[in-house]
Amino acid sequence: MLLASGCLPPTAGTARVRSRRAIKQTYTVPRVSIEVGPEAMSFRSPHFLLQFEDEIVTVRDFETLDGRESRGRGALLYFESQYEFLTQVLGVEPLGPIRVVVAPRVRVGSEGRASEHDAYAQTHFQRLNGGVAVSTTLYFGIQAFSSPGVRAHEMFHAFAGPYGLPPWLDEGLAVLVEAELIGGAGWAKTNKDLTPIGQDPEGYNLIQTWRQAGSSLPFRDIATYSYAYSIVSALREQNGDQFFPDFFRLLRQEIARRGLHSYTDEEIVALMSAAAGRDLLPFFRDVLRFRLDAERVRAYLEELRGQAHQEVAPRIPMSGLRP
Ligand SMILES: [Zn+2]
């Protein structure tokens, strides 16, 4: 089974505005060993496997072995530093190995032309010994690969792909990482607003339908990404820097208990209330105008409170991926 996620807004990474309340940047360039494959076409670090497609040798700066080696090493150091940021500051851990594939151009979905500016993440689920093994592949066109904003955004998708987050949360957090890790996504920071992006005939927020069949919100649109970021940014400001790490820890416990599946907005609101230690239903229902079944939120919150702490979901080792 394949799940494609993680597209970028079309004009991502154009402006830079400093946030006065950025997540404290605790990451450093890590000391990691990097294994270089034949002809410097593949690289392995503790958490990632990086592969250049054959045609990469036609791209300037990638023609020579030295050029490929320095760019491959540099990229893996960057990704390892982001690993620290995502696991320690945001609290999201990958549930399986991550492979990064770089080509001169990639095509997102089945439509449109392959572009050097595009990138996307694809999560693979495979039944294995009664459980499900997860792995993610990140595909980068060469220009996207050289953009720190795109790298940061897509790597979040690679980590979060298996968690089953609704699009407003998945994309909002990807923009948050882009904004806070590298100080990018100024286009989102300058447009923070919690007013519903649009309302259905009953007055509910259209953001809940984003990327569902029949949604009137475009699949890729800068305003929608900005709005999704406004929501997650407000949640973090109102509930503190420990909020998302606690949320992802609870989510991993639920994945261990119930298996991988897509979470409903009711379940997300209950998990977030448990992470925040307060009822977030009024924020989602009254401020954001989300359509929510309050009884379901409360019932799932009760269920969560009854759970003992459990181990996180099992992972499969890096050796499970072959170059
Ligand atoms: Zn995205």
# chains A, B, ... in the order shown; residues from 1 in each chain; ligands from 1
$ select_by_dssp --residues "segment 128-294 of chain A" --states "strand (DSSP E or B)" --output "compact mmCIF listing (two decimals) with C-alpha atoms, in the first residue's frame"
# COMPACT_ATOMS: atom_id res chain seq x y z
CA LEU A 128 5.12 -8.44 8.12
CA GLY A 131 2.40 -6.47 12.07
CA VAL A 132 2.94 -3.71 9.56
CA ALA A 133 6.39 -2.47 8.54
CA VAL A 134 6.63 1.14 7.46
CA SER A 135 9.22 2.87 5.34
CA THR A 136 9.27 6.24 3.65
CA THR A 137 10.94 7.50 0.50
CA LEU A 138 11.53 11.19 -0.12
CA TYR A 139 11.90 12.20 -3.77
CA PHE A 140 13.65 15.46 -4.66
CA GLY A 141 14.17 17.26 -7.95
CA GLN A 199 -17.41 27.84 5.61
CA ASN A 205 -14.64 25.37 8.60
$ residues_around --residues "segment 84-101 of chain A" --least-positions-apart "3" --cutoff "6 Å" --atoms "only C-alpha atoms" --output "list in words"
Tyr27, Phe48, Leu49, Leu50, Gln51, Phe52, Ser81, Val134, Ser135, Thr136, Thr137, Leu138, Tyr139, Phe159, Phe244, Pro245, Phe248, Arg315, Ile316 and Met318 of chain A
$ residues_near_ligand --ligand "ligand 1" --cutoff "12 Å" --atoms "only C-alpha atoms and all ligand atoms" --output "PyMOL selection string"
chain A and resi 4-10+12+108+118-122+138+149-161+166-178+211+219-222+224-226+228-229
$ select_by_dssp --residues "segment 59-220 of chain A" --states "alpha helix (DSSP H)" --output "number ranges by chain"
A: 65-84, 142-145, 148-160, 167-182, 186-189
$ atom_distance --atom1 "atom CA of Ala40 of chain A" --atom2 "atom CA of Glu69 of chain A"
5.3 Å
$ atom_distance --atom1 "atom CA of Ala223 of chain A" --atom2 "atom CA of Leu194 of chain A"
12.1 Å
$ residues_around --residues "Arg291 of chain A" --least-positions-apart "2" --cutoff "12 Å" --atoms "only C-alpha atoms" --output "number ranges by chain"
A: 196, 199-209, 264-266, 269, 281-289, 293-294, 296-297
$ atom_distance --atom1 "atom CA of Glu254 of chain A" --atom2 "atom CA of Met272 of chain A"
12.7 Å
